[in-house]
>>> print(open('target-v7.cif').read())   # mmCIF, C-alpha atoms
data_input
loop_
_atom_site.label_atom_id
_atom_site.label_comp_id
_atom_site.auth_asym_id
_atom_site.auth_seq_id
_atom_site.Cartn_x
_atom_site.Cartn_y
_atom_site.Cartn_z
CA MET A 2 -157.88 54.06 122.49
CA ALA A 3 -157.65 51.66 119.60
CA ALA A 4 -158.07 47.99 120.37
CA PRO A 5 -156.33 45.21 118.43
CA ASN A 6 -158.19 43.89 115.39
CA GLN A 7 -160.16 47.09 114.89
CA ARG A 8 -160.47 47.98 111.22
CA LEU A 9 -161.87 50.91 109.30
CA GLU A 10 -162.28 50.82 105.54
CA VAL A 11 -163.56 53.47 103.16
CA THR A 12 -163.77 53.67 99.40
CA LEU A 13 -162.69 56.96 97.87
CA ASP A 14 -163.30 58.40 94.44
CA THR A 15 -160.33 59.13 92.22
CA GLN A 16 -160.42 62.89 92.69
CA LEU A 17 -158.27 65.54 94.32
CA GLU A 18 -160.63 65.94 97.26
CA SER A 19 -159.92 62.35 98.30
CA VAL A 20 -156.36 63.30 99.21
CA ASP A 21 -157.44 65.69 101.96
CA LEU A 22 -160.27 63.39 103.00
CA ALA A 23 -157.97 60.41 103.46
CA GLU A 24 -155.50 62.50 105.44
CA ASN A 25 -158.28 63.76 107.71
CA ILE A 26 -159.72 60.29 108.30
CA VAL A 27 -156.40 58.73 109.21
CA THR A 28 -155.23 61.56 111.44
CA ARG A 29 -158.51 61.45 113.36
CA VAL A 30 -158.20 57.72 113.88
CA ALA A 31 -154.56 58.13 114.86
CA GLU A 32 -155.40 60.92 117.28
CA ALA A 33 -157.94 58.67 118.95
CA ALA A 34 -155.22 56.01 119.17
CA GLY A 35 -153.08 58.41 121.16
CA PHE A 36 -150.54 59.67 118.64
CA GLY A 37 -149.02 63.07 119.39
CA GLU A 38 -148.97 66.10 117.12
CA ASP A 39 -145.69 65.33 115.41
CA ASP A 40 -146.65 61.74 114.61
CA LEU A 41 -150.08 62.88 113.44
CA HIS A 42 -148.40 65.18 110.97
CA LYS A 43 -146.15 62.38 109.72
CA LEU A 44 -149.00 59.90 109.46
CA GLY A 45 -151.19 62.39 107.66
CA MET A 46 -148.46 63.28 105.24
CA ALA A 47 -147.61 59.63 104.51
CA VAL A 48 -151.25 58.81 103.82
CA ARG A 49 -151.57 61.91 101.70
CA GLU A 50 -148.61 60.74 99.62
CA GLY A 51 -150.12 57.28 99.33
CA VAL A 52 -153.40 58.63 98.01
CA ILE A 53 -151.64 61.05 95.66
CA ASN A 54 -149.74 58.05 94.31
CA ALA A 55 -152.99 56.12 93.82
CA TYR A 56 -154.69 59.14 92.24
CA ASN A 57 -151.87 60.08 89.87
CA TYR A 58 -150.03 56.87 89.03
CA GLY A 59 -152.21 53.92 90.08
CA ASN A 60 -155.57 55.10 88.80
CA CYS A 61 -154.11 57.67 86.36
CA GLN A 62 -156.77 60.19 87.48
CA ASP A 63 -159.46 57.91 86.00
CA ARG A 64 -162.64 58.83 87.86
CA ARG A 65 -164.18 55.44 87.10
CA LYS A 66 -161.61 53.82 89.37
CA LYS A 67 -161.66 53.76 93.15
CA ILE A 68 -159.12 54.12 95.91
CA ARG A 69 -159.56 51.92 98.98
CA LEU A 70 -158.28 53.24 102.28
CA ALA A 71 -158.11 50.92 105.26
CA VAL A 72 -156.79 51.43 108.78
CA GLU A 73 -156.25 48.52 111.11
CA PHE A 74 -154.52 47.88 114.40
CA GLU A 75 -152.33 45.08 115.58
CA ALA A 76 -151.05 44.79 119.12
CA GLU A 77 -148.48 47.57 118.82
CA THR A 78 -148.89 48.85 115.30
CA MET A 79 -151.24 50.98 113.27
CA ILE A 80 -151.42 49.78 109.67
CA VAL A 81 -152.73 51.85 106.78
CA HIS A 82 -153.54 50.42 103.37
CA VAL A 83 -154.00 52.53 100.24
CA VAL A 84 -155.15 50.36 97.37
CA ASP A 85 -155.55 51.49 93.78
CA GLU A 86 -156.90 49.86 90.64
CA GLY A 87 -153.80 50.28 88.51
CA CYS A 88 -151.18 47.79 87.40
CA GLY A 89 -149.11 47.70 90.58
CA PHE A 90 -145.40 48.35 90.91
CA GLU A 91 -142.30 47.16 92.71
CA LEU A 92 -140.54 49.31 95.29
CA SER A 93 -137.24 48.30 93.72
CA ASP A 94 -138.31 50.03 90.50
CA VAL A 95 -138.77 53.39 92.22
CA GLU A 96 -135.88 55.75 91.55
CA ASP A 97 -134.01 57.32 94.42
CA PRO A 98 -135.10 60.98 94.64
CA LEU A 99 -131.95 61.80 96.61
CA ALA A 100 -129.67 60.76 93.77
CA GLU A 101 -127.88 63.74 92.25
CA GLU A 102 -129.46 63.19 88.84
CA ASN A 103 -132.97 63.18 90.32
CA LEU A 104 -132.79 66.22 92.60
CA LEU A 105 -134.29 68.55 90.00
CA ARG A 106 -137.14 66.25 89.12
CA THR A 107 -140.53 67.71 89.89
CA SER A 108 -142.02 64.36 90.93
CA GLY A 109 -140.97 61.03 92.38
CA ARG A 110 -140.66 61.89 96.09
CA GLY A 111 -143.90 60.39 97.39
CA ILE A 112 -142.64 56.90 98.17
CA PHE A 113 -139.54 58.36 99.78
CA LEU A 114 -141.67 60.55 102.06
CA MET A 115 -143.92 57.64 103.02
CA ARG A 116 -140.83 55.70 104.04
CA ALA A 117 -139.44 58.69 105.91
CA PHE A 118 -142.59 59.35 107.90
CA MET A 119 -143.67 55.79 108.70
CA ASP A 120 -141.81 52.99 110.45
CA ASP A 121 -142.12 50.66 107.50
CA LEU A 122 -143.64 50.53 104.03
CA ALA A 123 -144.49 47.60 101.81
CA VAL A 124 -146.02 47.42 98.36
CA ARG A 125 -148.17 44.37 97.75
CA ARG A 126 -150.24 43.26 94.82
CA ALA A 127 -153.94 43.81 95.50
CA PRO A 128 -156.41 41.09 94.40
CA THR A 129 -157.59 43.51 91.71
CA GLY A 130 -154.03 43.76 90.37
CA GLY A 131 -153.39 47.25 91.66
CA ALA A 132 -150.88 48.35 94.26
CA ASP A 133 -151.60 47.90 97.94
CA LEU A 134 -149.41 50.39 99.78
CA VAL A 135 -149.08 49.16 103.34
CA MET A 136 -147.75 51.63 105.89
CA PHE A 137 -146.83 50.68 109.44
CA LYS A 138 -146.54 52.97 112.46
CA LYS A 139 -145.79 51.81 115.94
CA LEU A 140 -148.48 52.83 118.40
CA PRO A 141 -147.49 55.39 121.02
CA HIS A 142 -146.75 54.03 124.45
CA ARG A 143 -148.06 55.27 127.71
CA VAL A 144 -146.62 54.57 131.12
CA SER A 145 -148.83 52.27 133.17
CA GLY A 146 -149.31 52.33 136.91
CA ASN A 147 -146.39 49.96 137.36
CA GLY A 148 -144.11 52.25 135.39
CA ARG A 149 -143.89 49.95 132.39
CA PRO A 150 -144.68 51.34 128.96
CA GLN A 151 -147.78 49.89 127.34
CA ALA A 152 -149.11 50.12 123.82
CA GLU A 153 -152.35 52.04 123.92
CA MET B 8 -156.40 76.76 103.80
CA SER B 9 -155.27 77.04 100.18
CA LEU B 10 -152.22 79.03 99.16
CA ARG B 11 -152.23 82.81 98.93
CA GLY B 12 -149.39 84.86 97.54
CA THR B 13 -148.80 88.59 97.74
CA CYS B 14 -146.09 90.17 95.66
CA ARG B 15 -144.04 93.25 96.55
CA GLU B 16 -140.81 94.70 95.25
CA VAL B 17 -137.62 95.84 96.94
CA GLY B 18 -135.51 97.39 94.21
CA ASP B 19 -135.33 94.85 91.45
CA ILE B 20 -136.17 91.97 93.75
CA ALA B 21 -139.67 90.50 93.68
CA ILE B 22 -140.68 89.14 97.06
CA VAL B 23 -143.68 86.85 97.27
CA ASP B 24 -145.19 86.38 100.71
CA PHE B 25 -146.99 83.06 100.72
CA SER B 26 -149.43 81.79 103.31
CA GLY B 27 -151.25 78.47 103.44
CA LYS B 28 -150.38 75.10 102.01
CA ILE B 29 -148.42 74.16 98.92
CA THR B 30 -150.08 70.89 98.11
CA LEU B 31 -151.43 68.96 95.14
CA GLY B 32 -153.95 71.02 93.20
CA GLU B 33 -154.70 74.65 93.82
CA GLY B 34 -151.74 75.45 96.07
CA SER B 35 -149.19 74.08 93.64
CA ALA B 36 -150.86 75.88 90.73
CA THR B 37 -150.82 79.20 92.60
CA LEU B 38 -147.07 78.96 93.14
CA ARG B 39 -146.42 77.92 89.56
CA ASN B 40 -148.53 80.70 88.08
CA MET B 41 -147.08 83.43 90.27
CA VAL B 42 -143.49 82.53 89.43
CA ARG B 43 -144.28 82.30 85.72
CA GLU B 44 -146.00 85.70 85.81
CA LEU B 45 -143.00 87.25 87.52
CA ILE B 46 -140.65 85.83 84.90
CA SER B 47 -142.98 86.98 82.11
CA SER B 48 -143.00 90.49 83.52
CA GLY B 49 -139.21 90.62 83.48
CA HIS B 50 -138.28 89.79 87.06
CA ARG B 51 -135.09 87.80 87.47
CA LYS B 52 -134.54 88.05 91.22
CA ILE B 53 -137.29 86.28 93.10
CA LEU B 54 -137.52 85.65 96.83
CA LEU B 55 -140.20 83.32 98.15
CA ASN B 56 -141.17 84.06 101.75
CA LEU B 57 -142.50 80.76 103.13
CA GLY B 58 -142.87 81.97 106.72
CA ASP B 59 -146.61 81.32 106.75
CA VAL B 60 -146.46 78.07 104.82
CA ASP B 61 -146.81 75.29 107.32
CA TYR B 62 -147.45 72.38 104.99
CA ILE B 63 -145.88 71.21 101.77
CA ASP B 64 -146.42 67.78 100.22
CA SER B 65 -144.45 66.06 97.46
CA SER B 66 -146.39 67.97 94.80
CA GLY B 67 -145.51 71.23 96.53
CA ILE B 68 -141.86 70.25 96.67
CA GLY B 69 -142.06 69.44 92.98
CA GLU B 70 -143.53 72.88 92.30
CA LEU B 71 -140.73 74.56 94.24
CA VAL B 72 -138.19 72.63 92.19
CA GLY B 73 -140.13 73.55 89.04
CA ALA B 74 -140.08 77.22 90.08
CA TYR B 75 -136.34 77.00 90.63
CA THR B 76 -135.69 75.52 87.19
CA THR B 77 -138.07 78.01 85.54
CA VAL B 78 -136.20 80.94 87.07
CA ARG B 79 -132.78 79.45 86.34
CA SER B 80 -133.79 78.80 82.73
CA ALA B 81 -134.53 82.51 82.44
CA SER B 82 -131.04 83.28 83.85
CA GLY B 83 -132.61 84.41 87.09
CA GLU B 84 -132.20 83.60 90.76
CA LEU B 85 -134.76 82.16 93.13
CA LYS B 86 -134.21 82.08 96.87
CA LEU B 87 -136.27 80.95 99.85
CA VAL B 88 -136.59 82.64 103.23
CA TYR B 89 -138.26 82.07 106.59
CA LEU B 90 -138.83 78.34 106.35
CA THR B 91 -141.03 76.90 109.08
CA LYS B 92 -139.57 73.95 110.94
CA ARG B 93 -141.65 71.41 109.04
CA VAL B 94 -140.80 72.89 105.67
CA HIS B 95 -137.15 73.17 106.70
CA ASP B 96 -137.12 69.49 107.71
CA LEU B 97 -138.77 68.49 104.44
CA ILE B 98 -136.26 70.42 102.36
CA GLN B 99 -133.50 68.85 104.41
CA ILE B 100 -134.57 65.20 104.12
CA THR B 101 -135.14 65.58 100.38
CA ARG B 102 -131.60 66.98 100.01
CA LEU B 103 -132.94 70.15 98.41
CA PHE B 104 -130.75 72.35 100.57
CA THR B 105 -128.13 71.48 97.98
CA VAL B 106 -130.38 73.03 95.32
CA PHE B 107 -132.15 75.97 96.94
CA ASP B 108 -130.49 79.06 98.31
CA VAL B 109 -132.23 79.29 101.68
CA GLN B 110 -131.75 82.56 103.53
CA SER B 111 -132.32 83.13 107.22
CA ASP B 112 -134.05 86.49 106.92
CA GLU B 113 -135.20 88.98 104.35
CA SER B 114 -132.36 91.45 104.82
CA ALA B 115 -129.76 88.75 104.31
CA ALA B 116 -131.64 87.51 101.27
CA ILE B 117 -131.77 90.98 99.69
CA LEU B 118 -128.08 91.49 100.33
CA SER B 119 -127.28 88.09 98.83
CA PHE B 120 -129.04 89.07 95.59
CA ARG B 121 -127.23 92.36 95.45
CA SER B 122 -123.84 90.90 96.18
CA ALA B 123 -124.36 88.45 93.36
CA SER B 124 -125.17 91.13 90.79
#
>>> encode(input="target-v7.cif", output="structure tokens")
Amino acid sequence: MAAPNQRLEVTLDTQLESVDLAENIVTRVAEAAGFGEDDLHKLGMAVREGVINAYNYGNCQDRRKKIRLAVEFEAETMIVHVVDEGCGFELSDVEDPLAEENLLRTSGRGIFLMRAFMDDLAVRRAPTGGADLVMFKKLPHRVSGNGRPQAE
Amino acid sequence: MSLRGTCREVGDIAIVDFSGKITLGEGSATLRNMVRELISSGHRKILLNLGDVDYIDSSGIGELVGAYTTVRSASGELKLVYLTKRVHDLIQITRLFTVFDVQSDESAAILSFRSAS
């Protein structure tokens, strides 16, 4: 099981294959941390959307740029960072895909899905100027010998 | 597994049985190309069987919406059938049940086309 302060960081190329790779890495780490099938699906999908965002909008499919994926653990939370080398953005600037006028848009649902599948989402400015998508998921709890739930 | 689509016809209805994932890249392109080919060949009633599609990401959702608008622009109808739970949930949280005509089974879907014509 994951211990607090553990951190994994990988640098991905700006290419389509990185989307699947990032999803696989994070779901494996999450599985080892004790997440169940449903949460693994949600985590994988959120990370997938984060990397798609970095690939398409942050790095504009520029193969010279990199995507940084990091997974870390705090006491009760798994935190995933997806960092691109773009210009950054504000969550408040992202249009609501559920608004009537946006329902027929063919893009613009990634941030919404990340929010839907994780417990929290923040967008920070990376030191390089790009976006640092920070996704939070509470760790699953197990029941200890004394009957009290514990973060794994 | 990438997306595979097999097309068959019931009367004037084109039914595409998809299996795999509709995700960024190949899967999304497969869906887009198949729907465009059906429209080009004159089909206006298209039913997408998603019973073996267990994964759709935001790009895949975008392609489904794109397919819908492509068919509507050609004065046609596009319907979905046999959604898996995960795809159903995704369509629901993105409010696309208000856009797509989702049918419970193939017979009902075929009847719904016919009753509309």
>>> resolve_selection(input="target-v7.cif", expression="the PyMOL selection byres ((chain A) within 6 of (chain B))", output="PyMOL selection string")
chain A and resi 107-108+110-111
>>> residues_near_point(input="target-v7.cif", point="(-149.0, 78.2, 104.4)", cutoff="7 Å", atoms="all atoms listed in the file", output="ChimeraX atom specification")
/B:10,25-29,59-62
>>> resolve_selection(input="target-v7.cif", expression="the PyMOL selection byres ((chain B and resi 19) around 9)", output="count of residues only")
9
>>> resolve_selection(input="target-v7.cif", expression="the PyMOL selection byres ((chain A and resi 85) around 8)", output="VMD selection string")
chain A and resid 55 to 56 59 to 60 66 to 69 83 to 84 86 to 87 131 to 133
>>> residues_around(input="target-v7.cif", residues="Ser114 of chain B", least_positions_apart="3", cutoff="12 Å", atoms="only C-alpha atoms", output="list in words")
Val17, Ile20, Ile22, Leu54, Asn56, Val88, Tyr89, Gln110, Ser111, Ile117, Leu118, Ser119, Phe120 and Arg121 of chain B
>>> atom_distance(input="target-v7.cif", atom1="atom CA of Asp96 of chain B", atom2="atom CA of Leu38 of chain B")
20.0 Å
>>> atom_distance(input="target-v7.cif", atom1="atom CA of Leu134 of chain A", atom2="atom CA of His82 of chain A")
5.5 Å
>>> atom_distance(input="target-v7.cif", atom1="atom CA of Thr28 of chain A", atom2="atom CA of Val72 of chain A")
10.6 Å
